Amino acid sequence: MNKTQATARLHELRELMARYSHEYYVRDEPSVSDAVYDGLMRELKSLEEAYPELITADSPTQRVGGQPLSEFTKVEHSARMISLNDVFSREDVEAWVKRTDKLLPGREHAFSAEIKMDGLACALIYQDGVFVQAVTRGDGYVGEDVTANVRTIQSVPLRLHQAVPKEVQRFLKGRTEVRGEIIMYKKDFEALNHVRETEGLPLFKNPRNLAAGTIRQLDPALVAARPLRFRAYDILRDNAEDVPTFMFAYEAARALGFASNEQAVLCHGIDDVMTFVATWEEKRHELPFNTDGIVVKINDRRIYAELGSVGKNPRGAVAYKYPAEEATTLVKDIVLSIGRTGAATPVAVFDPVIVAGTTVQHASLHNADEIERKDVRVGDTVVIFKAGDIIPQVDRVLIELRPKQSERFDMLAELARQYPELQFVRPAGEAVYRVKGASGPLLLKKALEHFASKGALDIDGLGEKNVVALVDAELVKDLADIYTLTYEQVIALDRFAEISTNNLLQAIARVKQPPLPRFIFGLGIRHVGSQTAIDLADHFGSLNTLARATLDDLLRIDGVGDVVAESIVAWFSDPDNQELLEKFARLKVLPVYESHADGPLHGKNFVVTGTLESMGRDVAAERIRSLGGTFQSALGKDTTYLVVGKNVGAAKLAKAEKYGTTQLDEAAFIRILEGQA
C-alpha cells in the first residue's frame, strides 16, 4: 500500500471508528462487537506506524499517550463558569421569577429544565471542529488545562460530527466551546469499588469525588483506566446569536456528537417547571448518575444575558435542590480537626451509611456549642442528612437508643488528649477553640500552604503534597524555615529530583523580599483577607509599624472594624508570632512596600463588571492598584469608573447612570492603563 492509498484508508478507518465509538459510548447502542473494533484499531495502528507523518490529532490512537505531567497549566476562561443560587420550594421559584420580572417586565416565561449532574464541570474547546483543549472550572475565572486527561474519555469526540443540520454547521468553523460535566456512572463506580474491596484496598467515597480526583491526576494513563464520561449542557460561540436558547444548545450538542441529558425539557411557566421537579424527585434514583436537583434557566439566551449576575450567580438561572435524604448510624468517635487558622472543629466519625446515593462516614459538628446544643456523644445513634445532598450533617440524636453509660463530650479534655503538644484558647464571644500561636505540624501544613498560595507569596512548587513532605521530614518547623532549605536537604526527599529541587529553591529565593501586602495576607491573620492586607500596607507602609499598631490606629482604616482590629492586635501580641517575625528578620526576609500614591490613577476608584477579553478580574485589579488607583468590589457613589465587559446586567448600568459614574468599555480601560487617555 502506497502513501496515497494509506491516506485514504486511514481516513476511512477513523471515520468508521468514530461512528462506532459514538454508538458505544454516547448512544449506548453498539452495532459491532469489541472484537471488530479492536481489529480496526490494530489496522489503524499498523498504518500509522508505517506512515507516522499521517497521524492526526483526532485519531483514536491519540486518546492515550504522552508522558505524565509535572503540573497543570492555569488557563483563563473565555467567559466565566458560573455557580447557581439554590432554591428549595415552589415559593422560592416564584420569588425568583418575580425578581426577574422587576428587572425585565413583560417577558415570556419559557424555561429550560434539566437534571443537575453531580460531577466536575469542564469546558472543551474545538477549533474548526477539532478538539484542542479542556479546562476545569477552577474558580470560575481561571481553570486548569486537563487536555491530555480529557482526551482519554471515550465519549469526548476528538472531531465534531460533520453531518449536522444546517443551523449547526457554523459550529464546525472557528472556536466552539462545549461545557458540560465529567461524571462516573453509579454502576461503574460500584464495579471499581468491588475490585478494590477484593484487593484489600481502601474504597472510593463517591462517584463525584472520584471523577474530580481522577481528572486532576498528572498521568493520563491512570485517567484512561477509569470509566469517566462527559455530558454536555451548553455551547459558547464568539457570536452569542449562534446559540439563541439553552434548549438549542442541548440539541446542537447532540448533533455534534456529545452525550447530553435527554431528560432536558422546555417549560412554559412555573407549573411546568414544578411538574418536572416533582417527576424527577421520585425517579432520580433510576438515573445512571447521581443528582441532587434540577437546573432551571430562562431559555432565551438574550434575556438571560440582559439579566446579568449578582456576585458569582446569574440572575437568569437557579438550582432546585431536593430535600436531603436521611439515614441513621452509630457515632464511633468524635475527633478534632485543625484548620489553617487554627480553629478546632469536632468531627463525628460513624459507621458507613448511604445518604442521597453516596456512602458517608463522618460529618462536622462545627464547634463546642453545637455539640452541647445537640448533645452528641460517642455511642449515640444519630440521624444523618445531606445539606443540598452534598455536605453530611448530624440532624439529631435518637435519645431512646443512647447507651446508659454514655458521657457528655468534653471539648477541653479532648483537645488536651488529641493535641497534647498544642495550646488552645477560646476568644470571648466566640464558639470556636483555636490553637495558640503557630505551632504544631497540622496547623503548620495549612499555614504554609496558605503562605505559598497564589494570593499570598505565590511560590511555585510549594503545593499541598510538597508542604506535607517538607513538614513530615521536619525540614520546616515554621513558615520562616523555608528560607533555610538547602539543595541537599530537599533532593533527599522522595518527591524531589534535581530539576524540581532547583525550581523550588529558586522560587523561594525570588520571594525573599516579597510585596508587603502579599506577606501580610500570607501570615494567615484571622479576618485579614487580601484587600484588608493591601489597606494595612498602604496605611502603615512597613511590617514593623503595623506590628506596633494600637486598636485606635487600626480603627482609623476604612473597612477595619472592631473584630478585625482585635484579631490583628492579638496576632502581633502573641509571643510565638513575635518570635516568627524576628526569625524572618534574621533570615533577611524583608517585605517591601511600594507606594503607588503618586501613580497616574491615584484618587480614581474602579469597578469592573462583566467579562473582560484581555485579562481576568484579578489581573485588572492588580494593574489598577499598581498605577495608584483603587479597585472596588461594589459600585458606590465614590466610584469614578465602571469598566463594562461582556454579559453585564442592566441594573448595574442603571445604577452607574444614577450615580453619574463614567462608563468605560474594555478598549477605553486599556488606554487608561497604558496612559493613552
# chains A, B, ... in the order shown; residues from 1 in each chain; ligands from 1
$ select_by_dssp --residues "stretch 240-357 of chain A" --states "strand (DSSP E or B)" --output "JSON, numbers by chain"
{"A": [245, 259, 260, 265, 266, 267, 268, 291, 292, 293, 294, 295, 296, 297, 298, 300, 309, 310, 313, 314, 317, 318, 319, 320, 321, 326, 327, 328, 329, 330, 331, 332, 333, 334, 335, 336, 337, 338, 343, 344, 345, 346, 347, 348, 349, 350, 351, 352, 353, 354, 355]}
$ write_last_selection --atoms "C-alpha atoms" --output "compact mmCIF listing (two decimals), in the first residue's frame"
# COMPACT_ATOMS: atom_id res chain seq x y z
CA THR A 245 -31.60 29.33 23.53
CA ALA A 259 -23.99 12.81 25.11
CA SER A 260 -26.35 15.14 26.97
CA VAL A 265 -37.30 19.92 28.59
CA LEU A 266 -38.78 23.28 27.68
CA CYS A 267 -41.22 24.53 30.32
CA HIS A 268 -43.88 27.16 29.67
CA THR A 291 -28.04 14.12 41.08
CA ASP A 292 -29.26 16.42 43.83
CA GLY A 293 -31.68 18.59 41.87
CA ILE A 294 -32.79 20.40 38.75
CA VAL A 295 -31.25 23.36 36.90
CA VAL A 296 -33.84 25.88 35.69
CA LYS A 297 -32.82 28.65 33.28
CA ILE A 298 -34.52 31.43 31.34
CA ASP A 300 -33.87 32.77 25.82
CA SER A 309 -25.33 38.42 37.57
CA VAL A 310 -25.21 39.19 41.25
CA ASN A 313 -24.53 33.88 40.49
CA PRO A 314 -26.53 34.66 37.32
CA ALA A 317 -30.91 30.58 36.48
CA VAL A 318 -31.39 28.68 39.73
CA ALA A 319 -30.67 25.19 41.02
CA TYR A 320 -33.68 23.49 42.61
CA LYS A 321 -32.32 21.26 45.38
CA GLU A 326 -31.96 10.89 55.97
CA ALA A 327 -30.33 7.82 57.46
CA THR A 328 -29.38 6.62 60.93
CA THR A 329 -25.97 5.48 62.08
CA LEU A 330 -23.84 4.95 65.18
CA VAL A 331 -21.24 7.52 66.30
CA LYS A 332 -17.97 5.65 66.80
CA ASP A 333 -15.83 8.62 67.77
CA ILE A 334 -15.58 12.41 67.80
CA VAL A 335 -12.23 13.66 66.52
CA LEU A 336 -10.91 17.21 66.30
CA SER A 337 -9.69 18.75 63.05
CA ILE A 338 -7.40 21.80 62.98
CA ALA A 343 -9.75 26.55 64.51
CA ALA A 344 -10.52 23.23 66.20
CA THR A 345 -13.53 21.60 64.53
CA PRO A 346 -15.13 18.50 66.07
CA VAL A 347 -16.00 15.80 63.54
CA ALA A 348 -18.30 12.84 64.19
CA VAL A 349 -16.99 9.55 62.82
CA PHE A 350 -19.70 6.93 62.36
CA ASP A 351 -20.46 3.60 60.79
CA PRO A 352 -20.65 3.98 56.98
CA VAL A 353 -24.17 4.83 55.81
CA ILE A 354 -25.65 5.63 52.40
CA VAL A 355 -27.26 9.07 52.20
$ select_by_dssp --residues "stretch 271-511 of chain A" --states "alpha helix (DSSP H)" --output "JSON, numbers by chain"
{"A": [271, 272, 273, 274, 275, 276, 277, 278, 279, 280, 281, 282, 283, 301, 302, 303, 304, 305, 306, 307, 368, 369, 370, 371, 372, 373, 374, 411, 412, 413, 414, 415, 416, 417, 418, 441, 442, 443, 444, 445, 446, 447, 448, 449, 450, 451, 464, 465, 466, 467, 468, 469, 470, 471, 472, 487, 488, 489, 490, 491, 498, 499, 500, 501, 502, 503, 504, 505, 506, 507, 508, 509, 510]}
$ residues_around --residues "stretch 573-588 of chain A" --least-positions-apart "4" --cutoff "9 Å" --atoms "only C-alpha atoms" --output "list in words"
Lys436, Gly437, Ala438, Ser439, Asp478, Leu479, Ala480, Asp481, Tyr483, Thr484, Lys512, Gln513, Ala547, Ile568 and Val569 of chain A
$ write_last_selection --atoms "N, CA and C atoms" --output "PDB file, in the first residue's frame"
ATOM      1  N   LYS A 436      -3.180  28.265  69.993  1.00  0.00           N
ATOM      2  CA  LYS A 436      -2.416  29.446  70.404  1.00  0.00           C
ATOM      3  C   LYS A 436      -1.079  29.447  69.674  1.00  0.00           C
ATOM      4  N   GLY A 437      -0.784  30.534  68.971  1.00  0.00           N
ATOM      5  CA  GLY A 437       0.470  30.620  68.238  1.00  0.00           C
ATOM      6  C   GLY A 437       0.439  29.820  66.955  1.00  0.00           C
ATOM      7  N   ALA A 438       1.594  29.630  66.373  1.00  0.00           N
ATOM      8  CA  ALA A 438       1.688  28.939  65.079  1.00  0.00           C
ATOM      9  C   ALA A 438       2.557  27.702  65.199  1.00  0.00           C
ATOM     10  N   SER A 439       2.201  26.816  66.122  1.00  0.00           N
ATOM     11  CA  SER A 439       2.985  25.596  66.311  1.00  0.00           C
ATOM     12  C   SER A 439       2.148  24.383  65.971  1.00  0.00           C
ATOM     13  N   ASP A 478       8.488  26.013  60.967  1.00  0.00           N
ATOM     14  CA  ASP A 478       7.667  27.221  60.970  1.00  0.00           C
ATOM     15  C   ASP A 478       7.759  27.841  59.585  1.00  0.00           C
ATOM     16  N   LEU A 479       6.996  28.891  59.334  1.00  0.00           N
ATOM     17  CA  LEU A 479       6.955  29.486  57.991  1.00  0.00           C
ATOM     18  C   LEU A 479       8.330  29.960  57.535  1.00  0.00           C
ATOM     19  N   ALA A 480       9.115  30.492  58.450  1.00  0.00           N
ATOM     20  CA  ALA A 480      10.414  31.058  58.078  1.00  0.00           C
ATOM     21  C   ALA A 480      11.413  30.000  57.640  1.00  0.00           C
ATOM     22  N   ASP A 481      11.215  28.757  58.056  1.00  0.00           N
ATOM     23  CA  ASP A 481      12.186  27.700  57.756  1.00  0.00           C
ATOM     24  C   ASP A 481      12.325  27.405  56.273  1.00  0.00           C
ATOM     25  N   TYR A 483      13.095  29.364  54.098  1.00  0.00           N
ATOM     26  CA  TYR A 483      14.237  30.153  53.622  1.00  0.00           C
ATOM     27  C   TYR A 483      15.567  29.571  54.078  1.00  0.00           C
ATOM     28  N   THR A 484      15.534  28.503  54.866  1.00  0.00           N
ATOM     29  CA  THR A 484      16.773  27.845  55.309  1.00  0.00           C
ATOM     30  C   THR A 484      17.034  26.548  54.548  1.00  0.00           C
ATOM     31  N   LYS A 512      12.208  36.486  48.682  1.00  0.00           N
ATOM     32  CA  LYS A 512      12.870  36.831  49.941  1.00  0.00           C
ATOM     33  C   LYS A 512      12.621  38.287  50.300  1.00  0.00           C
ATOM     34  N   GLN A 513      12.203  39.070  49.311  1.00  0.00           N
ATOM     35  CA  GLN A 513      11.756  40.442  49.554  1.00  0.00           C
ATOM     36  C   GLN A 513      10.357  40.589  48.945  1.00  0.00           C
ATOM     37  N   ALA A 547       3.074  46.107  63.204  1.00  0.00           N
ATOM     38  CA  ALA A 547       3.208  45.271  64.397  1.00  0.00           C
ATOM     39  C   ALA A 547       3.023  46.082  65.673  1.00  0.00           C
ATOM     40  N   ILE A 568      -5.999  41.487  64.660  1.00  0.00           N
ATOM     41  CA  ILE A 568      -4.640  41.902  64.263  1.00  0.00           C
ATOM     42  C   ILE A 568      -3.776  42.152  65.495  1.00  0.00           C
ATOM     43  N   VAL A 569      -4.313  42.890  66.465  1.00  0.00           N
ATOM     44  CA  VAL A 569      -3.557  43.170  67.694  1.00  0.00           C
ATOM     45  C   VAL A 569      -3.215  41.876  68.421  1.00  0.00           C
TER      46      VAL A 569
END
$ closest_residue --among "A:Leu627, A:Ala123, A:Ala224, A:Val168" --to "A:Ala249" --atoms "only C-alpha atoms"
A:Val168
$ residues_around --residues "A:Thr545" --least-positions-apart "3" --cutoff "12 Å" --atoms "only C-alpha atoms" --output "PyMOL selection string"
chain A and resi 516+536-542+548-550+553-554+572+593
